[in-house]
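The file coords_1.pdb comes next; it holds PDB, C-alpha atoms.
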```pdb
MODEL        1
ATOM      1  CA  PHE E   6       6.614   8.633 -63.627  1.00  0.00           C
ATOM      2  CA  VAL E   7       3.155   9.840 -62.533  1.00  0.00           C
ATOM      3  CA  SER E   8       1.745   6.319 -62.546  1.00  0.00           C
ATOM      4  CA  ALA E   9       4.722   4.974 -60.600  1.00  0.00           C
ATOM      5  CA  ALA E  10       4.437   7.772 -58.047  1.00  0.00           C
ATOM      6  CA  ALA E  11       0.715   7.110 -57.601  1.00  0.00           C
ATOM      7  CA  ARG E  12       1.305   3.382 -57.096  1.00  0.00           C
ATOM      8  CA  HIS E  13       3.989   4.173 -54.515  1.00  0.00           C
ATOM      9  CA  LEU E  14       1.857   6.676 -52.599  1.00  0.00           C
ATOM     10  CA  LEU E  15      -1.411   4.739 -52.960  1.00  0.00           C
ATOM     11  CA  PRO E  16      -0.460   1.060 -53.045  1.00  0.00           C
ATOM     12  CA  GLY E  17      -3.326  -1.108 -54.171  1.00  0.00           C
ATOM     13  CA  GLN E  18      -5.666   1.865 -54.595  1.00  0.00           C
ATOM     14  CA  ASP E  19      -7.317   3.475 -57.568  1.00  0.00           C
ATOM     15  CA  PHE E  20      -6.688   7.136 -58.237  1.00  0.00           C
ATOM     16  CA  VAL E  21      -7.972  10.083 -60.243  1.00  0.00           C
ATOM     17  CA  VAL E  22      -5.459  12.099 -62.258  1.00  0.00           C
ATOM     18  CA  LEU E  23      -5.921  15.803 -62.928  1.00  0.00           C
ATOM     19  CA  GLY E  24      -3.930  17.706 -65.525  1.00  0.00           C
ATOM     20  CA  HIS E  25      -3.903  21.468 -66.091  1.00  0.00           C
ATOM     21  CA  SER E  26      -2.717  23.184 -69.282  1.00  0.00           C
ATOM     22  CA  LEU E  27       0.327  21.255 -70.577  1.00  0.00           C
ATOM     23  CA  GLY E  28      -0.392  18.708 -67.861  1.00  0.00           C
ATOM     24  CA  GLY E  29      -3.544  17.742 -69.755  1.00  0.00           C
ATOM     25  CA  PRO E  30      -1.802  15.528 -72.329  1.00  0.00           C
ATOM     26  CA  VAL E  31       0.212  13.940 -69.521  1.00  0.00           C
ATOM     27  CA  ALA E  32      -2.977  13.139 -67.623  1.00  0.00           C
ATOM     28  CA  VAL E  33      -4.466  11.620 -70.787  1.00  0.00           C
ATOM     29  CA  LYS E  34      -1.467   9.350 -71.206  1.00  0.00           C
ATOM     30  CA  VAL E  35      -1.639   8.281 -67.559  1.00  0.00           C
ATOM     31  CA  GLY E  36      -5.360   7.588 -67.862  1.00  0.00           C
ATOM     32  CA  VAL E  37      -4.938   5.391 -70.911  1.00  0.00           C
ATOM     33  CA  SER E  38      -1.885   3.480 -69.729  1.00  0.00           C
ATOM     34  CA  SER E  39      -2.581   3.034 -66.000  1.00  0.00           C
ATOM     35  CA  PRO E  40      -5.154   0.414 -64.949  1.00  0.00           C
ATOM     36  CA  GLU E  41      -5.235   1.980 -61.486  1.00  0.00           C
ATOM     37  CA  CYS E  42      -6.444   5.307 -62.871  1.00  0.00           C
ATOM     38  CA  ARG E  43     -10.233   5.330 -62.614  1.00  0.00           C
ATOM     39  CA  ALA E  44     -10.944   8.836 -63.943  1.00  0.00           C
ATOM     40  CA  VAL E  45      -9.260  11.723 -65.718  1.00  0.00           C
ATOM     41  CA  ALA E  46      -9.881  15.429 -65.128  1.00  0.00           C
ATOM     42  CA  LEU E  47      -8.544  18.016 -67.582  1.00  0.00           C
ATOM     43  CA  VAL E  48      -8.587  21.691 -66.591  1.00  0.00           C
ATOM     44  CA  ASN E  49      -7.909  24.270 -69.321  1.00  0.00           C
ATOM     45  CA  PRO E  50      -5.902  21.566 -71.114  1.00  0.00           C
ATOM     46  CA  VAL E  51      -3.700  21.848 -74.159  1.00  0.00           C
ATOM     47  CA  CYS E  52      -5.837  20.235 -76.837  1.00  0.00           C
ATOM     48  CA  VAL E  53      -5.384  18.497 -80.171  1.00  0.00           C
ATOM     49  CA  ARG E  54      -4.545  21.565 -82.283  1.00  0.00           C
ATOM     50  CA  PRO E  55      -2.354  24.610 -81.666  1.00  0.00           C
ATOM     51  CA  HIS E  56      -4.204  27.276 -79.708  1.00  0.00           C
ATOM     52  CA  ARG E  57      -4.050  31.012 -80.148  1.00  0.00           C
ATOM     53  CA  MET E  58      -1.114  31.681 -77.865  1.00  0.00           C
ATOM     54  CA  VAL E  59       1.237  29.229 -79.575  1.00  0.00           C
ATOM     55  CA  ARG E  60       0.155  29.520 -83.218  1.00  0.00           C
ATOM     56  CA  PRO E  61       2.490  32.481 -83.899  1.00  0.00           C
ATOM     57  CA  LEU E  62       5.416  30.363 -82.673  1.00  0.00           C
ATOM     58  CA  PHE E  63       5.228  27.935 -85.578  1.00  0.00           C
ATOM     59  CA  VAL E  64       5.904  27.936 -89.270  1.00  0.00           C
ATOM     60  CA  ASP E  65       2.423  27.736 -90.803  1.00  0.00           C
ATOM     61  CA  GLY E  66       1.098  24.198 -90.913  1.00  0.00           C
ATOM     62  CA  THR E  67       4.065  22.668 -89.101  1.00  0.00           C
ATOM     63  CA  THR E  68       5.366  22.035 -85.604  1.00  0.00           C
ATOM     64  CA  VAL E  69       8.674  23.740 -86.402  1.00  0.00           C
ATOM     65  CA  ALA E  70       9.440  26.909 -84.466  1.00  0.00           C
ATOM     66  CA  ASN E  71       9.153  30.135 -86.385  1.00  0.00           C
ATOM     67  CA  PRO E  72      12.722  31.417 -87.006  1.00  0.00           C
ATOM     68  CA  THR E  73      11.817  34.862 -85.693  1.00  0.00           C
ATOM     69  CA  MET E  74      10.511  33.403 -82.445  1.00  0.00           C
ATOM     70  CA  ARG E  75      13.668  31.321 -82.038  1.00  0.00           C
ATOM     71  CA  ALA E  76      15.701  34.489 -82.541  1.00  0.00           C
ATOM     72  CA  LEU E  77      13.709  36.349 -79.879  1.00  0.00           C
ATOM     73  CA  TYR E  78      14.078  33.432 -77.494  1.00  0.00           C
ATOM     74  CA  SER E  79      17.846  33.441 -78.005  1.00  0.00           C
ATOM     75  CA  ILE E  80      17.883  37.052 -76.790  1.00  0.00           C
ATOM     76  CA  ILE E  81      16.538  36.155 -73.340  1.00  0.00           C
ATOM     77  CA  ASN E  82      18.437  32.863 -73.189  1.00  0.00           C
ATOM     78  CA  PRO E  83      22.074  33.472 -74.228  1.00  0.00           C
ATOM     79  CA  VAL E  84      22.961  29.778 -73.828  1.00  0.00           C
ATOM     80  CA  TYR E  85      20.344  28.717 -76.399  1.00  0.00           C
ATOM     81  CA  ASP E  86      22.136  26.512 -78.917  1.00  0.00           C
ATOM     82  CA  GLY E  87      19.288  25.661 -81.260  1.00  0.00           C
ATOM     83  CA  PRO E  88      19.178  26.520 -84.972  1.00  0.00           C
ATOM     84  CA  LEU E  89      18.967  30.211 -85.858  1.00  0.00           C
ATOM     85  CA  PRO E  90      18.591  31.939 -89.235  1.00  0.00           C
ATOM     86  CA  TRP E  91      21.726  33.627 -90.547  1.00  0.00           C
ATOM     87  CA  TRP E  92      20.417  37.122 -89.882  1.00  0.00           C
ATOM     88  CA  ALA E  93      19.766  36.270 -86.225  1.00  0.00           C
ATOM     89  CA  GLN E  94      23.285  34.922 -85.822  1.00  0.00           C
ATOM     90  CA  LEU E  95      24.585  38.315 -86.975  1.00  0.00           C
ATOM     91  CA  LEU E  96      22.122  40.623 -85.212  1.00  0.00           C
ATOM     92  CA  VAL E  97      21.303  38.984 -81.876  1.00  0.00           C
ATOM     93  CA  PRO E  98      24.731  39.275 -80.129  1.00  0.00           C
ATOM     94  CA  PRO E  99      25.155  43.054 -80.586  1.00  0.00           C
ATOM     95  CA  LEU E 100      21.477  43.847 -79.995  1.00  0.00           C
ATOM     96  CA  ARG E 101      20.967  41.597 -76.950  1.00  0.00           C
ATOM     97  CA  PRO E 102      22.041  44.203 -74.312  1.00  0.00           C
ATOM     98  CA  ILE E 103      19.586  46.714 -75.765  1.00  0.00           C
ATOM     99  CA  ILE E 104      16.581  44.513 -76.503  1.00  0.00           C
ATOM    100  CA  ARG E 105      16.757  41.971 -73.681  1.00  0.00           C
ATOM    101  CA  PRO E 106      15.432  44.186 -70.813  1.00  0.00           C
ATOM    102  CA  LEU E 107      12.437  45.329 -72.887  1.00  0.00           C
ATOM    103  CA  LEU E 108      11.686  41.819 -74.129  1.00  0.00           C
ATOM    104  CA  GLU E 109      11.886  40.365 -70.615  1.00  0.00           C
ATOM    105  CA  TRP E 110       9.470  43.008 -69.318  1.00  0.00           C
ATOM    106  CA  ALA E 111       7.041  42.344 -72.189  1.00  0.00           C
ATOM    107  CA  MET E 112       7.072  38.572 -71.630  1.00  0.00           C
ATOM    108  CA  VAL E 113       6.544  38.825 -67.870  1.00  0.00           C
ATOM    109  CA  ASP E 114       3.704  41.301 -68.460  1.00  0.00           C
ATOM    110  CA  MET E 115       2.086  38.995 -71.041  1.00  0.00           C
ATOM    111  CA  PHE E 116       2.201  35.961 -68.759  1.00  0.00           C
ATOM    112  CA  THR E 117       0.941  37.983 -65.788  1.00  0.00           C
ATOM    113  CA  LYS E 118      -2.054  39.276 -67.740  1.00  0.00           C
ATOM    114  CA  SER E 119      -2.740  35.715 -68.913  1.00  0.00           C
ATOM    115  CA  GLY E 120      -3.180  34.576 -65.315  1.00  0.00           C
ATOM    116  CA  PHE E 121       0.337  33.427 -64.387  1.00  0.00           C
ATOM    117  CA  LYS E 122       0.901  35.915 -61.591  1.00  0.00           C
ATOM    118  CA  GLY E 123       4.270  35.838 -59.881  1.00  0.00           C
ATOM    119  CA  MET E 124       6.144  34.350 -62.838  1.00  0.00           C
ATOM    120  CA  THR E 125       9.716  35.531 -63.252  1.00  0.00           C
ATOM    121  CA  ILE E 126      11.759  35.699 -66.422  1.00  0.00           C
ATOM    122  CA  ASP E 127      13.686  32.634 -65.222  1.00  0.00           C
ATOM    123  CA  ASP E 128      10.383  30.716 -65.025  1.00  0.00           C
ATOM    124  CA  ILE E 129       9.511  31.799 -68.556  1.00  0.00           C
ATOM    125  CA  VAL E 130      12.919  30.888 -69.966  1.00  0.00           C
ATOM    126  CA  HIS E 131      12.677  27.435 -68.383  1.00  0.00           C
ATOM    127  CA  SER E 132       9.169  26.725 -69.680  1.00  0.00           C
ATOM    128  CA  SER E 133       9.844  28.263 -73.097  1.00  0.00           C
ATOM    129  CA  HIS E 134      12.846  26.010 -73.598  1.00  0.00           C
ATOM    130  CA  ARG E 135      10.473  23.076 -74.106  1.00  0.00           C
ATOM    131  CA  VAL E 136       8.692  25.067 -76.816  1.00  0.00           C
ATOM    132  CA  LEU E 137      11.441  26.999 -78.580  1.00  0.00           C
ATOM    133  CA  GLY E 138      14.604  25.249 -77.481  1.00  0.00           C
ATOM    134  CA  GLN E 139      14.319  22.511 -80.063  1.00  0.00           C
ATOM    135  CA  VAL E 140      13.274  22.088 -83.697  1.00  0.00           C
ATOM    136  CA  ASP E 141      10.319  19.853 -82.769  1.00  0.00           C
ATOM    137  CA  VAL E 142       8.946  22.665 -80.674  1.00  0.00           C
ATOM    138  CA  TRP E 143       5.976  20.987 -79.035  1.00  0.00           C
ATOM    139  CA  GLY E 144       8.105  18.087 -77.859  1.00  0.00           C
ATOM    140  CA  ASP E 145       6.391  15.523 -75.679  1.00  0.00           C
ATOM    141  CA  ALA E 146       3.578  17.922 -74.787  1.00  0.00           C
ATOM    142  CA  GLN E 147       2.412  18.259 -78.381  1.00  0.00           C
ATOM    143  CA  ARG E 148       2.797  14.579 -79.201  1.00  0.00           C
ATOM    144  CA  ASN E 149       0.683  13.624 -76.201  1.00  0.00           C
ATOM    145  CA  ALA E 150      -2.003  16.115 -77.166  1.00  0.00           C
ATOM    146  CA  GLU E 151      -2.063  15.033 -80.811  1.00  0.00           C
ATOM    147  CA  ALA E 152      -2.153  11.386 -79.753  1.00  0.00           C
ATOM    148  CA  LEU E 153      -5.747  11.947 -78.694  1.00  0.00           C
ATOM    149  CA  ALA E 154      -6.712  12.187 -82.347  1.00  0.00           C
ATOM    150  CA  ARG E 155      -4.469   9.484 -83.795  1.00  0.00           C
ATOM    151  CA  PRO E 156      -5.769   6.067 -84.786  1.00  0.00           C
ATOM    152  CA  THR E 157      -2.796   4.418 -83.065  1.00  0.00           C
ATOM    153  CA  GLY E 158      -0.593   5.172 -80.075  1.00  0.00           C
ATOM    154  CA  SER E 159      -0.718   4.855 -76.322  1.00  0.00           C
ATOM    155  CA  GLY E 160      -2.643   8.080 -75.839  1.00  0.00           C
ATOM    156  CA  HIS E 161      -5.279   7.972 -78.575  1.00  0.00           C
ATOM    157  CA  PRO E 162      -9.035   8.251 -77.918  1.00  0.00           C
ATOM    158  CA  GLU E 163      -9.572   4.574 -78.684  1.00  0.00           C
ATOM    159  CA  GLY E 164      -7.687   3.934 -75.456  1.00  0.00           C
ATOM    160  CA  PHE E 165     -10.421   5.732 -73.579  1.00  0.00           C
ATOM    161  CA  ARG E 166     -13.117   3.792 -75.367  1.00  0.00           C
ATOM    162  CA  ALA E 167     -11.342   0.476 -74.862  1.00  0.00           C
ATOM    163  CA  LYS E 168     -10.968   1.276 -71.165  1.00  0.00           C
ATOM    164  CA  PRO E 169     -14.002   3.433 -70.363  1.00  0.00           C
ATOM    165  CA  LYS E 170     -13.206   5.967 -67.673  1.00  0.00           C
ATOM    166  CA  PRO E 171     -15.091   9.085 -66.634  1.00  0.00           C
ATOM    167  CA  THR E 172     -13.386  12.098 -68.170  1.00  0.00           C
ATOM    168  CA  LEU E 173     -13.980  15.693 -67.151  1.00  0.00           C
ATOM    169  CA  VAL E 174     -12.920  18.647 -69.307  1.00  0.00           C
ATOM    170  CA  ALA E 175     -13.277  21.964 -67.503  1.00  0.00           C
ATOM    171  CA  TYR E 176     -12.362  25.367 -68.873  1.00  0.00           C
ATOM    172  CA  ALA E 177     -13.161  29.065 -68.679  1.00  0.00           C
ATOM    173  CA  LYS E 178     -14.622  30.824 -71.696  1.00  0.00           C
ATOM    174  CA  ASP E 179     -12.415  33.853 -71.054  1.00  0.00           C
ATOM    175  CA  ASP E 180      -9.165  31.845 -71.217  1.00  0.00           C
ATOM    176  CA  LYS E 181      -6.751  34.177 -73.007  1.00  0.00           C
ATOM    177  CA  LEU E 182      -4.383  31.386 -74.009  1.00  0.00           C
ATOM    178  CA  ILE E 183      -6.681  28.675 -75.386  1.00  0.00           C
ATOM    179  CA  GLU E 184      -9.895  29.475 -77.229  1.00  0.00           C
ATOM    180  CA  GLU E 185     -13.157  27.669 -76.471  1.00  0.00           C
ATOM    181  CA  ARG E 186     -13.348  25.909 -79.842  1.00  0.00           C
ATOM    182  CA  ARG E 187     -10.124  24.031 -79.050  1.00  0.00           C
ATOM    183  CA  PHE E 188     -11.687  22.626 -75.879  1.00  0.00           C
ATOM    184  CA  LYS E 189     -14.797  21.677 -77.866  1.00  0.00           C
ATOM    185  CA  GLU E 190     -12.649  19.752 -80.365  1.00  0.00           C
ATOM    186  CA  LEU E 191     -11.064  17.779 -77.544  1.00  0.00           C
ATOM    187  CA  ILE E 192     -14.401  17.049 -75.899  1.00  0.00           C
ATOM    188  CA  GLU E 193     -15.764  15.660 -79.161  1.00  0.00           C
ATOM    189  CA  LEU E 194     -13.063  12.986 -79.088  1.00  0.00           C
ATOM    190  CA  LEU E 195     -14.054  11.752 -75.661  1.00  0.00           C
ATOM    191  CA  PRO E 196     -17.759  10.739 -75.765  1.00  0.00           C
ATOM    192  CA  PRO E 197     -19.499   8.844 -74.398  1.00  0.00           C
ATOM    193  CA  HIS E 198     -17.315   9.288 -71.328  1.00  0.00           C
ATOM    194  CA  GLY E 199     -16.506  12.994 -71.622  1.00  0.00           C
ATOM    195  CA  GLU E 200     -18.141  15.613 -69.405  1.00  0.00           C
ATOM    196  CA  GLU E 201     -17.899  19.334 -70.112  1.00  0.00           C
ATOM    197  CA  VAL E 202     -17.838  22.063 -67.476  1.00  0.00           C
ATOM    198  CA  ALA E 203     -17.605  25.568 -68.936  1.00  0.00           C
ATOM    199  CA  PHE E 204     -17.200  28.565 -66.652  1.00  0.00           C
ATOM    200  CA  GLU E 205     -17.929  32.078 -67.899  1.00  0.00           C
ATOM    201  CA  THR E 206     -14.862  33.463 -66.131  1.00  0.00           C
ATOM    202  CA  GLY E 207     -11.700  32.103 -64.557  1.00  0.00           C
ATOM    203  CA  GLY E 208      -9.059  32.597 -67.242  1.00  0.00           C
ATOM    204  CA  HIS E 209      -6.445  29.952 -67.838  1.00  0.00           C
ATOM    205  CA  ASN E 210      -6.387  29.035 -64.148  1.00  0.00           C
ATOM    206  CA  CYS E 211     -10.066  28.491 -63.439  1.00  0.00           C
ATOM    207  CA  GLN E 212      -9.154  26.004 -60.715  1.00  0.00           C
ATOM    208  CA  ALA E 213      -8.062  28.985 -58.608  1.00  0.00           C
ATOM    209  CA  THR E 214     -11.610  30.312 -58.380  1.00  0.00           C
ATOM    210  CA  GLN E 215     -13.690  27.188 -59.078  1.00  0.00           C
ATOM    211  CA  ALA E 216     -11.875  24.599 -56.965  1.00  0.00           C
ATOM    212  CA  GLU E 217     -14.971  23.677 -54.950  1.00  0.00           C
ATOM    213  CA  VAL E 218     -17.117  23.181 -58.043  1.00  0.00           C
ATOM    214  CA  LEU E 219     -14.441  21.072 -59.726  1.00  0.00           C
ATOM    215  CA  ALA E 220     -13.966  18.932 -56.630  1.00  0.00           C
ATOM    216  CA  LYS E 221     -17.686  18.159 -56.485  1.00  0.00           C
ATOM    217  CA  ARG E 222     -17.844  17.252 -60.174  1.00  0.00           C
TER
ENDMDL
END
```

Any chance you could put this one into structure tokens?
Amino acid sequence: FVSAAARHLLPGQDFVVLGHSLGGPVAVKVGVSSPECRAVALVNPVCVRPHRMVRPLFVDGTTVANPTMRALYSIINPVYDGPLPWWAQLLVPPLRPIIRPLLEWAMVDMFTKSGFKGMTIDDIVHSSHRVLGQVDVWGDAQRNAEALARPTGSGHPEGFRAKPKPTLVAYAKDDKLIEERRFKELIELLPPHGEEVAFETGGHNCQATQAEVLAKR
């Protein structure tokens, strides 16, 4: 879709694709699969391994949502029809009116402190559905990110090396969602075409305060 939109808006022209957070794996896939894409920029991207914010969501060592997290998600999203443990099926309906307001406040507060100011509970429910609304919780976002480290697939690092393109990975060291070592792991997959830009501050949305620097790079 991104490649088609770029070709429509910029017929016959090359373009640079920039992906932020979960948009990082999408940008990688566009960069590998689109001849017109001449460079890829990744800002605070989701990387090749689960980062600190999402690790508690999964059963250890898998990409399957933790049953407790699915149960909590079903409290704020009554129409959730994914698999739930038996105890959640019994407890969630009667407890929802009591727990839901507190849980919604806690989630909005968490996202706000993480740099997503202005997010509403509806925004969180919509975005969380891609993570907790299915058994394969990462969905396309995780598969695209993991594809960077696979020996085969349309988004693997060999694609970058087969079609050399400048690649920028920018992040802030104080990102509360993704730790610095995850960005380092991603950068190691990209040489010799990967460039690292690390800001001391900026949180998960460093483009908000470092837009000029990023544009020049």

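Minimum atom-to-atom distances from E:Pro16, E:Gly207, E:Pro55, E:Pro90 to Tyr176 of chain E were compared using all atoms listed in the file, and the lowest value belongs to E:Gly207.
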
Check which residues satisfy the PyMOL selection byres ((chain E and resi 118-125) around 8) in the file shown, then give them as a PDB file with C-alpha atoms, in the frame of the given file.
```pdb
ATOM      1  CA  VAL E 113       6.544  38.825 -67.870  1.00  0.00           C
ATOM      2  CA  ASP E 114       3.704  41.301 -68.460  1.00  0.00           C
ATOM      3  CA  MET E 115       2.086  38.995 -71.041  1.00  0.00           C
ATOM      4  CA  PHE E 116       2.201  35.961 -68.759  1.00  0.00           C
ATOM      5  CA  THR E 117       0.941  37.983 -65.788  1.00  0.00           C
ATOM      6  CA  ILE E 126      11.759  35.699 -66.422  1.00  0.00           C
ATOM      7  CA  ASP E 127      13.686  32.634 -65.222  1.00  0.00           C
ATOM      8  CA  ASP E 128      10.383  30.716 -65.025  1.00  0.00           C
ATOM      9  CA  ILE E 129       9.511  31.799 -68.556  1.00  0.00           C
ATOM     10  CA  ASP E 180      -9.165  31.845 -71.217  1.00  0.00           C
ATOM     11  CA  LYS E 181      -6.751  34.177 -73.007  1.00  0.00           C
ATOM     12  CA  LEU E 182      -4.383  31.386 -74.009  1.00  0.00           C
ATOM     13  CA  GLY E 208      -9.059  32.597 -67.242  1.00  0.00           C
ATOM     14  CA  HIS E 209      -6.445  29.952 -67.838  1.00  0.00           C
ATOM     15  CA  ASN E 210      -6.387  29.035 -64.148  1.00  0.00           C
TER      16      ASN E 210
END
```

*When you draw a straight line from atom CA of Trp91 of chain E to atom CA of Arg57 of chain E, how long is it in Å?*
27.9 Å

*May I have the protein, DNA and RNA residues with any atom at most 9 Å from the point (-8.9, 4.2, -59.1), counting all atoms listed in the file, written as an NGL selection string?*
:E and (18-21 or 40-44)

_Contacts of Leu47 of chain E at 7 Å (all atoms listed in the file; same-chain gap of 4+ positions) as a count of residues only_ = 7

*Find the distance between atom CA of Leu14 of chain E and atom CA of Glu217 of chain E and write it in Å to one decimal.*
24.0 Å

*Looking at E:Ala93, E:Val84, E:Ile192, E:Val53, which one is nearest to His131 of chain E, with distances taken over all atoms listed in the file?*
E:Val84

*Would you work out the distance separating atom CA of Val59 of chain E from atom CA of Phe204 of chain E, expressed in Å to one decimal?*
22.5 Å

*E:Pro72, E:Gly17, E:Pro30, E:Pro171: which is nearest Leu195 of chain E, counting only C-alpha atoms?*
E:Pro171

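Each of E:Trp92, E:Phe188, E:Trp110, E:Phe6 was checked against Thr73 of chain E using all atoms listed in the file; the smallest atom-to-atom distance is that of E:Trp92.
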
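Using all atoms listed in the file, the nearest neighbour of Ile103 of chain E within the list E:Leu15, E:Leu89, E:Ile80, E:Ala216 is E:Ile80.
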
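Among the candidate residues E:Pro102, E:Leu107, E:Arg187, E:Ala46, the one lying nearest to Val202 of chain E is E:Ala46, with distances computed using only C-alpha atoms.
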
Could you write out as AutoDock Vina command-line options the box around segment 176-192 of chain E (axis-aligned, all atoms listed in the file, 8 Å on each side), with centre and edge lengths in Å to one decimal?
```
--center_x -9.6 --center_y 25.6 --center_z -74.5 --size_x 26.4 --size_y 33.1 --size_z 27.7
```
